[in-house]
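The data block below is upload-v4.tsv; it holds TSV, C-alpha atoms.
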chain	number	residue	atom	x	y	z
A	1	MET	CA	-2.59	-12.30	-9.49
A	2	HIS	CA	-1.20	-10.85	-12.65
A	3	ARG	CA	2.39	-11.64	-13.65
A	4	GLU	CA	3.77	-8.75	-15.61
A	5	ILE	CA	6.04	-9.67	-18.53
A	6	GLU	CA	7.23	-6.64	-20.40
A	7	ARG	CA	10.08	-5.03	-22.29
A	8	LYS	CA	10.98	-1.37	-22.26
A	9	PHE	CA	12.56	0.63	-25.07
A	10	LEU	CA	13.75	4.11	-25.82
A	11	VAL	CA	11.98	5.73	-28.76
A	12	ARG	CA	14.05	6.69	-31.80
A	13	GLU	CA	11.21	8.41	-33.62
A	14	LEU	CA	7.69	9.08	-32.41
A	15	PRO	CA	4.93	7.65	-34.61
A	16	GLU	CA	3.33	10.28	-36.83
A	17	GLN	CA	0.13	11.84	-35.61
A	18	LEU	CA	0.72	10.45	-32.13
A	19	ALA	CA	-2.25	12.36	-30.70
A	20	GLU	CA	-4.60	10.40	-32.99
A	21	PHE	CA	-3.89	7.21	-31.00
A	22	PRO	CA	-5.80	6.42	-27.80
A	23	HIS	CA	-4.11	8.13	-24.90
A	24	ALA	CA	-4.52	8.88	-21.22
A	25	GLU	CA	-3.28	11.60	-18.93
A	26	ILE	CA	-1.67	9.77	-16.02
A	27	SER	CA	-0.71	11.06	-12.58
A	28	GLN	CA	0.86	8.48	-10.34
A	29	GLY	CA	2.42	8.52	-6.91
A	30	TYR	CA	3.94	5.94	-4.63
A	31	LEU	CA	2.85	5.10	-1.09
A	32	VAL	CA	5.77	2.69	-1.03
A	33	SER	CA	8.63	2.28	-3.49
A	34	LEU	CA	11.61	0.14	-2.50
A	35	ASP	CA	14.80	-0.90	-4.24
A	36	ASP	CA	13.77	-4.55	-4.15
A	37	GLY	CA	10.77	-3.79	-6.37
A	38	LEU	CA	8.10	-3.71	-3.68
A	39	GLN	CA	5.73	-0.89	-4.47
A	40	VAL	CA	2.26	0.39	-3.73
A	41	ARG	CA	1.21	2.84	-6.39
A	42	LEU	CA	-1.74	5.20	-6.76
A	43	ARG	CA	-2.69	6.17	-10.29
A	44	LYS	CA	-5.20	8.51	-11.89
A	45	SER	CA	-5.59	7.73	-15.60
A	46	ASN	CA	-8.03	10.13	-17.23
A	47	GLU	CA	-11.01	9.67	-14.89
A	48	SER	CA	-10.05	6.21	-13.58
A	49	TYR	CA	-8.38	5.70	-10.22
A	50	SER	CA	-6.43	2.65	-9.07
A	51	LEU	CA	-4.14	1.21	-6.43
A	52	THR	CA	-1.51	-1.30	-7.55
A	53	TYR	CA	0.68	-3.59	-5.48
A	54	LYS	CA	3.84	-4.91	-7.15
A	55	ARG	CA	6.54	-7.20	-5.89
A	56	GLY	CA	9.73	-8.44	-7.52
A	57	VAL	CA	12.07	-7.14	-10.18
A	58	GLY	CA	12.99	-7.79	-13.82
A	59	ASN	CA	10.50	-8.52	-16.53
A	60	VAL	CA	8.35	-10.91	-14.48
A	61	ARG	CA	6.65	-9.42	-11.43
A	62	GLU	CA	3.68	-10.09	-9.20
A	63	GLU	CA	1.05	-7.40	-9.63
A	64	ARG	CA	-2.35	-6.85	-8.02
A	65	GLU	CA	-4.54	-3.91	-8.93
A	66	VAL	CA	-7.86	-2.57	-7.72
A	67	GLU	CA	-9.99	0.29	-8.98
A	68	LEU	CA	-10.50	3.06	-6.42
A	69	THR	CA	-13.27	5.57	-6.05
A	70	PRO	CA	-12.22	9.24	-6.35
A	71	ALA	CA	-12.82	9.59	-2.58
A	72	GLN	CA	-10.55	6.65	-1.75
A	73	PHE	CA	-7.87	8.05	-4.06
A	74	ASP	CA	-8.12	11.54	-2.56
A	75	ALA	CA	-7.75	10.18	0.98
A	76	LEU	CA	-4.49	8.37	0.19
A	77	TRP	CA	-2.92	10.65	-2.44
A	78	PRO	CA	-1.35	13.21	-0.02
A	79	ALA	CA	0.91	10.44	1.34
A	80	THR	CA	2.64	10.21	-2.07
A	81	GLU	CA	3.96	13.77	-1.88
A	82	GLY	CA	7.50	13.92	-3.28
A	83	LYS	CA	7.06	10.54	-5.01
A	84	ARG	CA	4.95	11.44	-8.01
A	85	LEU	CA	5.19	11.69	-11.78
A	86	GLU	CA	3.04	12.75	-14.69
A	87	LYS	CA	2.93	11.34	-18.18
A	88	THR	CA	0.72	10.93	-21.21
A	89	ARG	CA	0.41	7.29	-22.27
A	90	TYR	CA	-0.35	6.50	-25.93
A	91	GLY	CA	-1.39	3.02	-27.11
A	92	ILE	CA	0.05	2.10	-30.53
A	93	PRO	CA	-1.24	-1.20	-32.00
A	94	LEU	CA	1.55	-3.37	-33.40
A	95	GLY	CA	0.64	-6.88	-34.58
A	96	ASP	CA	-0.73	-8.78	-31.57
A	97	CYS	CA	0.75	-6.22	-29.16
A	98	VAL	CA	0.18	-2.69	-28.08
A	99	VAL	CA	3.22	-0.48	-27.69
A	100	GLU	CA	2.60	1.94	-24.83
A	101	ILE	CA	4.49	5.18	-25.29
A	102	ASP	CA	4.93	7.28	-22.18
A	103	VAL	CA	5.69	10.95	-22.72
A	104	TYR	CA	6.69	12.38	-19.37
A	105	GLY	CA	5.78	15.82	-18.10
A	106	GLY	CA	6.81	17.86	-15.09
A	107	ARG	CA	10.52	17.79	-14.30
A	108	HIS	CA	11.05	14.86	-16.72
A	109	ASN	CA	9.52	16.86	-19.55
A	110	GLY	CA	10.73	15.44	-22.86
A	111	LEU	CA	11.57	11.94	-21.67
A	112	VAL	CA	9.88	9.29	-23.82
A	113	VAL	CA	9.84	5.57	-23.04
A	114	ALA	CA	7.94	2.71	-24.68
A	115	GLU	CA	6.72	-0.50	-23.03
A	116	VAL	CA	5.37	-3.67	-24.57
A	117	GLU	CA	3.59	-6.25	-22.44
A	118	PHE	CA	3.55	-9.93	-23.37
A	119	ASP	CA	1.52	-13.00	-22.44
A	120	ASP	CA	4.59	-15.14	-21.80
A	121	GLU	CA	8.36	-14.96	-21.65
A	122	GLU	CA	8.77	-16.69	-25.01
A	123	SER	CA	6.83	-13.92	-26.76
A	124	ALA	CA	8.85	-11.30	-24.89
A	125	LYS	CA	12.10	-12.91	-26.03
A	126	ASN	CA	11.01	-13.25	-29.66
A	127	PHE	CA	9.65	-9.72	-30.02
A	128	GLN	CA	11.30	-7.85	-32.90
A	129	PRO	CA	11.06	-4.13	-32.19
A	130	PRO	CA	10.17	-1.90	-35.18
A	131	ASP	CA	12.74	0.61	-36.47
A	132	TRP	CA	11.13	3.52	-34.67
A	133	LEU	CA	11.97	1.97	-31.29
A	134	GLY	CA	15.48	2.47	-29.93
A	135	ASP	CA	17.63	0.77	-27.29
A	136	ASP	CA	16.16	-1.97	-25.13
A	137	VAL	CA	16.28	-0.56	-21.57
A	138	THR	CA	14.30	-3.34	-19.85
A	139	GLY	CA	15.33	-3.40	-16.21
A	140	ASP	CA	17.50	-0.28	-16.54
A	141	PRO	CA	16.84	1.53	-13.27
A	142	ARG	CA	17.27	4.95	-14.91
A	143	TYR	CA	13.95	4.44	-16.67
A	144	SER	CA	11.99	2.89	-13.81
A	145	ASN	CA	8.95	4.88	-12.78
A	146	GLN	CA	9.96	4.37	-9.18
A	147	LEU	CA	13.20	6.23	-9.72
A	148	LEU	CA	11.61	8.86	-11.95
A	149	ALA	CA	9.13	9.58	-9.15
A	150	SER	CA	11.77	10.00	-6.45
Z	151	MET	CA	-4.36	12.89	7.81
Z	152	HIS	CA	-4.84	11.38	11.22
Z	153	ARG	CA	-1.98	11.59	13.73
Z	154	GLU	CA	-2.13	8.60	15.99
Z	155	ILE	CA	-1.27	9.24	19.65
Z	156	GLU	CA	-1.57	6.14	21.74
Z	157	ARG	CA	-0.17	4.16	24.64
Z	158	LYS	CA	0.03	0.40	24.87
Z	159	PHE	CA	-0.16	-1.73	28.01
Z	160	LEU	CA	-0.02	-5.31	29.07
Z	161	VAL	CA	-3.17	-6.49	30.85
Z	162	ARG	CA	-2.87	-7.66	34.45
Z	163	GLU	CA	-6.45	-8.79	34.76
Z	164	LEU	CA	-9.12	-8.91	32.06
Z	165	PRO	CA	-12.31	-6.96	32.87
Z	166	GLU	CA	-15.13	-9.18	34.06
Z	167	GLN	CA	-17.66	-10.26	31.47
Z	168	LEU	CA	-15.38	-9.12	28.69
Z	169	ALA	CA	-17.67	-10.56	26.02
Z	170	GLU	CA	-20.42	-8.12	27.08
Z	171	PHE	CA	-18.38	-5.19	25.76
Z	172	PRO	CA	-18.51	-4.22	22.07
Z	173	HIS	CA	-16.03	-6.31	20.15
Z	174	ALA	CA	-14.89	-7.13	16.65
Z	175	GLU	CA	-13.22	-10.12	15.04
Z	176	ILE	CA	-10.22	-8.71	13.21
Z	177	SER	CA	-8.06	-10.27	10.51
Z	178	GLN	CA	-5.24	-8.11	9.29
Z	179	GLY	CA	-2.36	-8.55	6.93
Z	180	TYR	CA	0.42	-6.35	5.65
Z	181	LEU	CA	1.16	-5.50	2.02
Z	182	VAL	CA	4.17	-3.63	3.36
Z	183	SER	CA	5.68	-3.60	6.84
Z	184	LEU	CA	9.10	-2.02	7.36
Z	185	ASP	CA	11.32	-1.48	10.37
Z	186	ASP	CA	11.07	2.29	9.99
Z	187	GLY	CA	7.31	2.13	10.63
Z	188	LEU	CA	6.13	2.41	7.02
Z	189	GLN	CA	3.23	0.05	6.56
Z	190	VAL	CA	0.27	-0.64	4.31
Z	191	ARG	CA	-2.25	-2.79	6.13
Z	192	LEU	CA	-5.41	-4.58	5.07
Z	193	ARG	CA	-7.98	-5.23	7.78
Z	194	LYS	CA	-11.28	-7.04	8.01
Z	195	SER	CA	-13.13	-6.04	11.18
Z	196	ASN	CA	-16.40	-7.93	11.47
Z	197	GLU	CA	-17.93	-7.07	8.07
Z	198	SER	CA	-15.90	-3.89	7.45
Z	199	TYR	CA	-12.86	-3.80	5.20
Z	200	SER	CA	-10.13	-1.19	5.15
Z	201	LEU	CA	-6.70	-0.26	3.86
Z	202	THR	CA	-4.45	1.81	6.13
Z	203	TYR	CA	-1.23	3.62	5.33
Z	204	LYS	CA	1.04	4.44	8.29
Z	205	ARG	CA	4.37	6.18	8.45
Z	206	GLY	CA	6.65	6.93	11.38
Z	207	VAL	CA	7.32	5.38	14.75
Z	208	GLY	CA	6.64	6.04	18.41
Z	209	ASN	CA	3.36	7.30	19.79
Z	210	VAL	CA	2.79	9.91	17.07
Z	211	ARG	CA	2.37	8.59	13.55
Z	212	GLU	CA	0.87	9.66	10.25
Z	213	GLU	CA	-2.09	7.48	9.36
Z	214	ARG	CA	-4.46	7.44	6.40
Z	215	GLU	CA	-7.28	4.94	6.13
Z	216	VAL	CA	-9.90	4.15	3.51
Z	217	GLU	CA	-12.82	1.75	3.58
Z	218	LEU	CA	-12.62	-1.00	0.96
Z	219	THR	CA	-15.32	-3.02	-0.70
Z	220	PRO	CA	-15.13	-6.79	-0.10
Z	221	ALA	CA	-14.06	-7.19	-3.77
Z	222	GLN	CA	-11.20	-4.72	-3.39
Z	223	PHE	CA	-10.10	-6.45	-0.19
Z	224	ASP	CA	-10.24	-9.90	-1.77
Z	225	ALA	CA	-8.13	-8.78	-4.73
Z	226	LEU	CA	-5.30	-7.51	-2.51
Z	227	TRP	CA	-5.46	-9.93	0.46
Z	228	PRO	CA	-3.45	-12.79	-1.13
Z	229	ALA	CA	-0.38	-10.51	-1.23
Z	230	THR	CA	-0.33	-10.44	2.60
Z	231	GLU	CA	0.32	-14.18	2.89
Z	232	GLY	CA	2.80	-14.87	5.69
Z	233	LYS	CA	2.22	-11.40	7.19
Z	234	ARG	CA	-1.13	-11.81	8.92
Z	235	LEU	CA	-2.61	-11.93	12.39
Z	236	GLU	CA	-5.98	-12.48	14.00
Z	237	LYS	CA	-7.39	-10.94	17.13
Z	238	THR	CA	-10.60	-10.03	18.89
Z	239	ARG	CA	-10.74	-6.35	19.85
Z	240	TYR	CA	-12.89	-5.30	22.81
Z	241	GLY	CA	-13.75	-1.66	23.55
Z	242	ILE	CA	-13.85	-0.84	27.28
Z	243	PRO	CA	-15.07	2.70	28.15
Z	244	LEU	CA	-12.89	4.43	30.75
Z	245	GLY	CA	-13.62	8.07	31.53
Z	246	ASP	CA	-13.18	10.04	28.30
Z	247	CYS	CA	-11.24	7.18	26.70
Z	248	VAL	CA	-11.85	3.74	25.34
Z	249	VAL	CA	-9.37	1.04	26.26
Z	250	GLU	CA	-9.05	-1.34	23.32
Z	251	ILE	CA	-8.14	-4.84	24.45
Z	252	ASP	CA	-6.70	-7.10	21.75
Z	253	VAL	CA	-6.90	-10.83	22.44
Z	254	TYR	CA	-4.78	-12.55	19.84
Z	255	GLY	CA	-5.61	-15.83	18.13
Z	256	GLY	CA	-3.69	-18.13	15.83
Z	257	ARG	CA	-0.08	-18.73	16.78
Z	258	HIS	CA	-0.17	-15.85	19.29
Z	259	ASN	CA	-3.13	-17.42	21.06
Z	260	GLY	CA	-3.27	-16.11	24.64
Z	261	LEU	CA	-1.43	-12.85	24.07
Z	262	VAL	CA	-3.43	-9.87	25.36
Z	263	VAL	CA	-2.48	-6.22	24.79
Z	264	ALA	CA	-4.40	-3.01	25.53
Z	265	GLU	CA	-4.22	0.28	23.64
Z	266	VAL	CA	-5.55	3.70	24.55
Z	267	GLU	CA	-5.75	6.45	21.96
Z	268	PHE	CA	-5.56	10.13	22.91
Z	269	ASP	CA	-6.43	13.45	21.29
Z	270	ASP	CA	-3.07	15.00	22.16
Z	271	GLU	CA	0.27	14.21	23.70
Z	272	GLU	CA	-0.57	15.97	26.94
Z	273	SER	CA	-3.51	13.65	27.53
Z	274	ALA	CA	-1.35	10.65	26.66
Z	275	LYS	CA	1.28	11.72	29.18
Z	276	ASN	CA	-1.23	12.40	31.96
Z	277	PHE	CA	-3.18	9.17	31.54
Z	278	GLN	CA	-3.35	7.18	34.78
Z	279	PRO	CA	-3.86	3.51	33.90
Z	280	PRO	CA	-6.33	1.60	36.08
Z	281	ASP	CA	-5.08	-1.26	38.29
Z	282	TRP	CA	-6.18	-3.92	35.85
Z	283	LEU	CA	-3.66	-2.67	33.27
Z	284	GLY	CA	-0.05	-3.81	33.59
Z	285	ASP	CA	3.28	-2.61	32.26
Z	286	ASP	CA	3.41	0.23	29.75
Z	287	VAL	CA	4.86	-1.31	26.58
Z	288	THR	CA	4.36	1.69	24.26
Z	289	GLY	CA	6.89	1.41	21.45
Z	290	ASP	CA	8.12	-2.01	22.59
Z	291	PRO	CA	8.68	-3.82	19.30
Z	292	ARG	CA	7.76	-7.19	20.84
Z	293	TYR	CA	4.14	-6.06	20.95
Z	294	SER	CA	3.95	-4.34	17.58
Z	295	ASN	CA	1.36	-5.82	15.23
Z	296	GLN	CA	3.93	-5.62	12.45
Z	297	LEU	CA	6.25	-7.98	14.31
Z	298	LEU	CA	3.42	-10.21	15.49
Z	299	ALA	CA	2.35	-10.62	11.86
Z	300	SER	CA	5.80	-11.59	10.60
Could the structure of this file be written out as structure tokens, please?
Amino acid sequence: MHREIERKFLVRELPEQLAEFPHAEISQGYLVSLDDGLQVRLRKSNESYSLTYKRGVGNVREEREVELTPAQFDALWPATEGKRLEKTRYGIPLGDCVVEIDVYGGRHNGLVVAEVEFDDEESAKNFQPPDWLGDDVTGDPRYSNQLLAS
Amino acid sequence: MHREIERKFLVRELPEQLAEFPHAEISQGYLVSLDDGLQVRLRKSNESYSLTYKRGVGNVREEREVELTPAQFDALWPATEGKRLEKTRYGIPLGDCVVEIDVYGGRHNGLVVAEVEFDDEESAKNFQPPDWLGDDVTGDPRYSNQLLAS
């Protein structure tokens, strides 16, 4: 089990030469996505496929993920119709962390959100965001992928 | 997508020499199991592993299933804790159909339920159960696997 500890921020100013950083084209859809945080998500990230189970809310959640074959993904993907989103995810190194910047496409075109994942809650609490990050929107439902996909 | 059309019966009298029929030891657990019929189920049947997505209620449901590797199954299985059941499933040929008899173990030890799956609703409606089957309990929530696993 992986316990996810993360903070989410708006982005005041995108890093220069964003496309030079590692990035992935992500399509994700939800088999299940409930208000209480229970979700079963399918994701295609570049040429990798995965299924992720999450439970709980806030910045600490239970998470279990498995890689899927393309055939497994294709068999389940139609069930996510109407609960999908597309984004490009960039990984920006920052000290011991990586800031993941999600630039949404499709009907959320233009929305940009950054996430930072931490090893423990102490590190999450102590994190000092750089100037180019904006408001802390951790836990704000308007920026949850579940809501953005619905 | 597979649309599941089935009827469920109690069993008045088990077929003789039940153990001679093909059968599988099944362990299943639910990642998600909701009152509206939405479920994501993990199943180990003998040495086969699968994940099944179901949506809807009644005798016609949407169903999508993929085979899993043992490693994929093992990674997700812990999340089903508290939502599991065990049964032995026997397949009894009957005309063009197979009657699947589920003999439950664990805390439902002794419960026996039979299911027959059909190609279409007409066949389901016209099915004449043999004498050894008992009451039709199709759609009766007391005999749903979701409830039995909770």
Chain fit, chain A moved to chain Z over all Cα pairs in order, as an mmCIF file with C-alpha atoms, in the frame of the given file:
data_model
loop_
_atom_site.group_PDB
_atom_site.id
_atom_site.type_symbol
_atom_site.label_atom_id
_atom_site.label_comp_id
_atom_site.auth_asym_id
_atom_site.auth_seq_id
_atom_site.Cartn_x
_atom_site.Cartn_y
_atom_site.Cartn_z
ATOM 1 C CA MET A 1 -4.407 12.917 7.819
ATOM 2 C CA HIS A 2 -4.830 11.385 11.209
ATOM 3 C CA ARG A 3 -1.980 11.599 13.728
ATOM 4 C CA GLU A 4 -2.123 8.601 15.984
ATOM 5 C CA ILE A 5 -1.264 9.245 19.641
ATOM 6 C CA GLU A 6 -1.558 6.137 21.726
ATOM 7 C CA ARG A 7 -0.159 4.149 24.621
ATOM 8 C CA LYS A 8 0.028 0.392 24.852
ATOM 9 C CA PHE A 9 -0.165 -1.728 27.992
ATOM 10 C CA LEU A 10 -0.039 -5.325 29.058
ATOM 11 C CA VAL A 11 -3.174 -6.502 30.842
ATOM 12 C CA ARG A 12 -2.862 -7.671 34.446
ATOM 13 C CA GLU A 13 -6.460 -8.812 34.749
ATOM 14 C CA LEU A 14 -9.135 -8.929 32.078
ATOM 15 C CA PRO A 15 -12.298 -6.965 32.879
ATOM 16 C CA GLU A 16 -15.136 -9.195 34.055
ATOM 17 C CA GLN A 17 -17.675 -10.243 31.483
ATOM 18 C CA LEU A 18 -15.378 -9.116 28.682
ATOM 19 C CA ALA A 19 -17.681 -10.556 26.011
ATOM 20 C CA GLU A 20 -20.433 -8.136 27.094
ATOM 21 C CA PHE A 21 -18.387 -5.195 25.750
ATOM 22 C CA PRO A 22 -18.516 -4.227 22.068
ATOM 23 C CA HIS A 23 -16.031 -6.315 20.155
ATOM 24 C CA ALA A 24 -14.887 -7.135 16.650
ATOM 25 C CA GLU A 25 -13.240 -10.117 15.045
ATOM 26 C CA ILE A 26 -10.223 -8.705 13.224
ATOM 27 C CA SER A 27 -8.070 -10.279 10.520
ATOM 28 C CA GLN A 28 -5.259 -8.094 9.310
ATOM 29 C CA GLY A 29 -2.372 -8.537 6.930
ATOM 30 C CA TYR A 30 0.413 -6.346 5.662
ATOM 31 C CA LEU A 31 1.165 -5.480 2.041
ATOM 32 C CA VAL A 32 4.170 -3.601 3.376
ATOM 33 C CA SER A 33 5.665 -3.578 6.863
ATOM 34 C CA LEU A 34 9.089 -2.013 7.381
ATOM 35 C CA ASP A 35 11.301 -1.454 10.394
ATOM 36 C CA ASP A 36 11.051 2.310 9.997
ATOM 37 C CA GLY A 37 7.298 2.158 10.625
ATOM 38 C CA LEU A 38 6.127 2.419 7.029
ATOM 39 C CA GLN A 39 3.214 0.073 6.576
ATOM 40 C CA VAL A 40 0.271 -0.634 4.325
ATOM 41 C CA ARG A 41 -2.246 -2.761 6.146
ATOM 42 C CA LEU A 42 -5.406 -4.573 5.078
ATOM 43 C CA ARG A 43 -7.971 -5.224 7.780
ATOM 44 C CA LYS A 44 -11.286 -7.040 8.008
ATOM 45 C CA SER A 45 -13.142 -6.054 11.187
ATOM 46 C CA ASN A 46 -16.419 -7.939 11.472
ATOM 47 C CA GLU A 47 -17.926 -7.081 8.072
ATOM 48 C CA SER A 48 -15.916 -3.888 7.459
ATOM 49 C CA TYR A 49 -12.870 -3.805 5.211
ATOM 50 C CA SER A 50 -10.128 -1.177 5.164
ATOM 51 C CA LEU A 51 -6.698 -0.253 3.871
ATOM 52 C CA THR A 52 -4.455 1.822 6.137
ATOM 53 C CA TYR A 53 -1.223 3.624 5.344
ATOM 54 C CA LYS A 54 1.041 4.460 8.292
ATOM 55 C CA ARG A 55 4.364 6.209 8.450
ATOM 56 C CA GLY A 56 6.658 6.960 11.372
ATOM 57 C CA VAL A 57 7.319 5.395 14.742
ATOM 58 C CA GLY A 58 6.624 6.030 18.434
ATOM 59 C CA ASN A 59 3.354 7.279 19.784
ATOM 60 C CA VAL A 60 2.775 9.911 17.087
ATOM 61 C CA ARG A 61 2.379 8.605 13.545
ATOM 62 C CA GLU A 62 0.867 9.673 10.256
ATOM 63 C CA GLU A 63 -2.094 7.484 9.371
ATOM 64 C CA ARG A 64 -4.465 7.449 6.399
ATOM 65 C CA GLU A 65 -7.293 4.960 6.129
ATOM 66 C CA VAL A 66 -9.906 4.149 3.521
ATOM 67 C CA GLU A 67 -12.823 1.743 3.594
ATOM 68 C CA LEU A 68 -12.605 -1.004 0.969
ATOM 69 C CA THR A 69 -15.303 -3.025 -0.688
ATOM 70 C CA PRO A 70 -15.132 -6.804 -0.094
ATOM 71 C CA ALA A 71 -14.047 -7.203 -3.750
ATOM 72 C CA GLN A 72 -11.184 -4.723 -3.372
ATOM 73 C CA PHE A 73 -10.086 -6.459 -0.169
ATOM 74 C CA ASP A 74 -10.231 -9.915 -1.758
ATOM 75 C CA ALA A 75 -8.106 -8.784 -4.711
ATOM 76 C CA LEU A 76 -5.281 -7.518 -2.487
ATOM 77 C CA TRP A 77 -5.450 -9.919 0.476
ATOM 78 C CA PRO A 78 -3.428 -12.804 -1.093
ATOM 79 C CA ALA A 79 -0.367 -10.513 -1.201
ATOM 80 C CA THR A 80 -0.318 -10.438 2.629
ATOM 81 C CA GLU A 81 0.327 -14.174 2.907
ATOM 82 C CA GLY A 82 2.797 -14.860 5.725
ATOM 83 C CA LYS A 83 2.214 -11.386 7.209
ATOM 84 C CA ARG A 84 -1.126 -11.794 8.925
ATOM 85 C CA LEU A 85 -2.629 -11.926 12.397
ATOM 86 C CA GLU A 86 -5.991 -12.488 14.008
ATOM 87 C CA LYS A 87 -7.397 -10.938 17.138
ATOM 88 C CA THR A 88 -10.616 -10.037 18.887
ATOM 89 C CA ARG A 89 -10.744 -6.357 19.838
ATOM 90 C CA TYR A 90 -12.903 -5.300 22.809
ATOM 91 C CA GLY A 91 -13.753 -1.649 23.538
ATOM 92 C CA ILE A 92 -13.847 -0.845 27.274
ATOM 93 C CA PRO A 93 -15.076 2.682 28.145
ATOM 94 C CA LEU A 94 -12.875 4.407 30.720
ATOM 95 C CA GLY A 95 -13.606 8.066 31.508
ATOM 96 C CA ASP A 96 -13.156 10.044 28.278
ATOM 97 C CA CYS A 97 -11.217 7.175 26.679
ATOM 98 C CA VAL A 98 -11.836 3.750 25.323
ATOM 99 C CA VAL A 99 -9.361 1.045 26.237
ATOM 100 C CA GLU A 100 -9.048 -1.351 23.308
ATOM 101 C CA ILE A 101 -8.135 -4.842 24.434
ATOM 102 C CA ASP A 102 -6.724 -7.112 21.763
ATOM 103 C CA VAL A 103 -6.915 -10.832 22.443
ATOM 104 C CA TYR A 104 -4.791 -12.546 19.832
ATOM 105 C CA GLY A 105 -5.610 -15.833 18.158
ATOM 106 C CA GLY A 106 -3.713 -18.139 15.842
ATOM 107 C CA ARG A 107 -0.085 -18.727 16.783
ATOM 108 C CA HIS A 108 -0.197 -15.832 19.298
ATOM 109 C CA ASN A 109 -3.136 -17.427 21.076
ATOM 110 C CA GLY A 110 -3.299 -16.097 24.631
ATOM 111 C CA LEU A 111 -1.441 -12.840 24.073
ATOM 112 C CA VAL A 112 -3.434 -9.857 25.350
ATOM 113 C CA VAL A 113 -2.494 -6.219 24.778
ATOM 114 C CA ALA A 114 -4.411 -3.015 25.513
ATOM 115 C CA GLU A 115 -4.211 0.284 23.618
ATOM 116 C CA VAL A 116 -5.546 3.697 24.520
ATOM 117 C CA GLU A 117 -5.732 6.450 21.923
ATOM 118 C CA PHE A 118 -5.558 10.119 22.880
ATOM 119 C CA ASP A 119 -6.414 13.446 21.264
ATOM 120 C CA ASP A 120 -3.066 15.011 22.136
ATOM 121 C CA GLU A 121 0.289 14.192 23.667
ATOM 122 C CA GLU A 122 -0.548 15.965 26.924
ATOM 123 C CA SER A 123 -3.500 13.636 27.524
ATOM 124 C CA ALA A 124 -1.335 10.638 26.645
ATOM 125 C CA LYS A 125 1.292 11.724 29.169
ATOM 126 C CA ASN A 126 -1.220 12.391 31.949
ATOM 127 C CA PHE A 127 -3.173 9.158 31.532
ATOM 128 C CA GLN A 128 -3.314 7.157 34.771
ATOM 129 C CA PRO A 129 -3.839 3.505 33.885
ATOM 130 C CA PRO A 130 -6.325 1.581 36.082
ATOM 131 C CA ASP A 131 -5.059 -1.271 38.280
ATOM 132 C CA TRP A 132 -6.169 -3.940 35.842
ATOM 133 C CA LEU A 133 -3.669 -2.693 33.248
ATOM 134 C CA GLY A 134 -0.061 -3.833 33.568
ATOM 135 C CA ASP A 135 3.289 -2.629 32.224
ATOM 136 C CA ASP A 136 3.416 0.229 29.743
ATOM 137 C CA VAL A 137 4.862 -1.326 26.555
ATOM 138 C CA THR A 138 4.352 1.674 24.243
ATOM 139 C CA GLY A 139 6.883 1.410 21.443
ATOM 140 C CA ASP A 140 8.119 -2.014 22.581
ATOM 141 C CA PRO A 141 8.682 -3.820 19.291
ATOM 142 C CA ARG A 142 7.756 -7.193 20.819
ATOM 143 C CA TYR A 143 4.139 -6.060 20.941
ATOM 144 C CA SER A 144 3.944 -4.321 17.570
ATOM 145 C CA ASN A 145 1.388 -5.811 15.223
ATOM 146 C CA GLN A 146 3.960 -5.627 12.467
ATOM 147 C CA LEU A 147 6.258 -7.982 14.317
ATOM 148 C CA LEU A 148 3.425 -10.213 15.507
ATOM 149 C CA ALA A 149 2.362 -10.619 11.871
ATOM 150 C CA SER A 150 5.812 -11.588 10.609
#
Would you give me, as number ranges by chain, the residues of chain Z that come within 12 Å of chain A, using only C-alpha atoms? Z: 151-152, 180-184, 187-191, 200-205, 212-230
Pick out the residues sitting within 9 Å of region 242-257 of chain Z, and hand them over as a list in words; count all atoms listed in the file, and ignore anything fewer than 3 positions along from it in its own chain.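 Counting only the stated atoms, we get Val161, Leu164, Pro165, Leu168, Phe171, Pro172, Leu235, Glu236, Lys237, Thr238, Arg239, Gly260, Leu261, Val262, Val263, Ala264, Glu265, Val266, Glu267, Phe268 and Pro280 of chain Z.
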Just to be explicit: take each residue in the selection above, keep C-alpha atoms, and write the result as a tab-separated table (two decimals), keeping the file's coordinate frame.
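Printed below is out-v4.tsv as written:
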chain	number	residue	atom	x	y	z
Z	161	VAL	CA	-3.17	-6.49	30.85
Z	164	LEU	CA	-9.12	-8.91	32.06
Z	165	PRO	CA	-12.31	-6.96	32.87
Z	168	LEU	CA	-15.38	-9.12	28.69
Z	171	PHE	CA	-18.38	-5.19	25.76
Z	172	PRO	CA	-18.51	-4.22	22.07
Z	235	LEU	CA	-2.61	-11.93	12.39
Z	236	GLU	CA	-5.98	-12.48	14.00
Z	237	LYS	CA	-7.39	-10.94	17.13
Z	238	THR	CA	-10.60	-10.03	18.89
Z	239	ARG	CA	-10.74	-6.35	19.85
Z	260	GLY	CA	-3.27	-16.11	24.64
Z	261	LEU	CA	-1.43	-12.85	24.07
Z	262	VAL	CA	-3.43	-9.87	25.36
Z	263	VAL	CA	-2.48	-6.22	24.79
Z	264	ALA	CA	-4.40	-3.01	25.53
Z	265	GLU	CA	-4.22	0.28	23.64
Z	266	VAL	CA	-5.55	3.70	24.55
Z	267	GLU	CA	-5.75	6.45	21.96
Z	268	PHE	CA	-5.56	10.13	22.91
Z	280	PRO	CA	-6.33	1.60	36.08
If I take CA of Glu20 (chain A) and CA of Gly91 (chain A), how far is one from the other in Å, to one decimal? 10.0 Å
Report as a list in words all protein, DNA and RNA residues lying within 6 Å of region 135-148 of chain A, evaluated on all atoms listed in the file, omitting residues in the same chain fewer than 3 positions from it.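 Those residues are Arg7, Lys8, Phe9, Leu10 and Gly58 of chain A.
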Two-atom distance - CA of Lys44 (chain A), CA of Gln28 (chain A) (Å): 6.3 Å
Minimum-distance residue to Glu4 (chain A), chosen among A:Arg84, A:Lys125, A:His108, A:Arg61 (using only C-alpha atoms):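 Once distances to Glu4 (chain A) are computed over only C-alpha atoms, the minimum belongs to A:Arg61.
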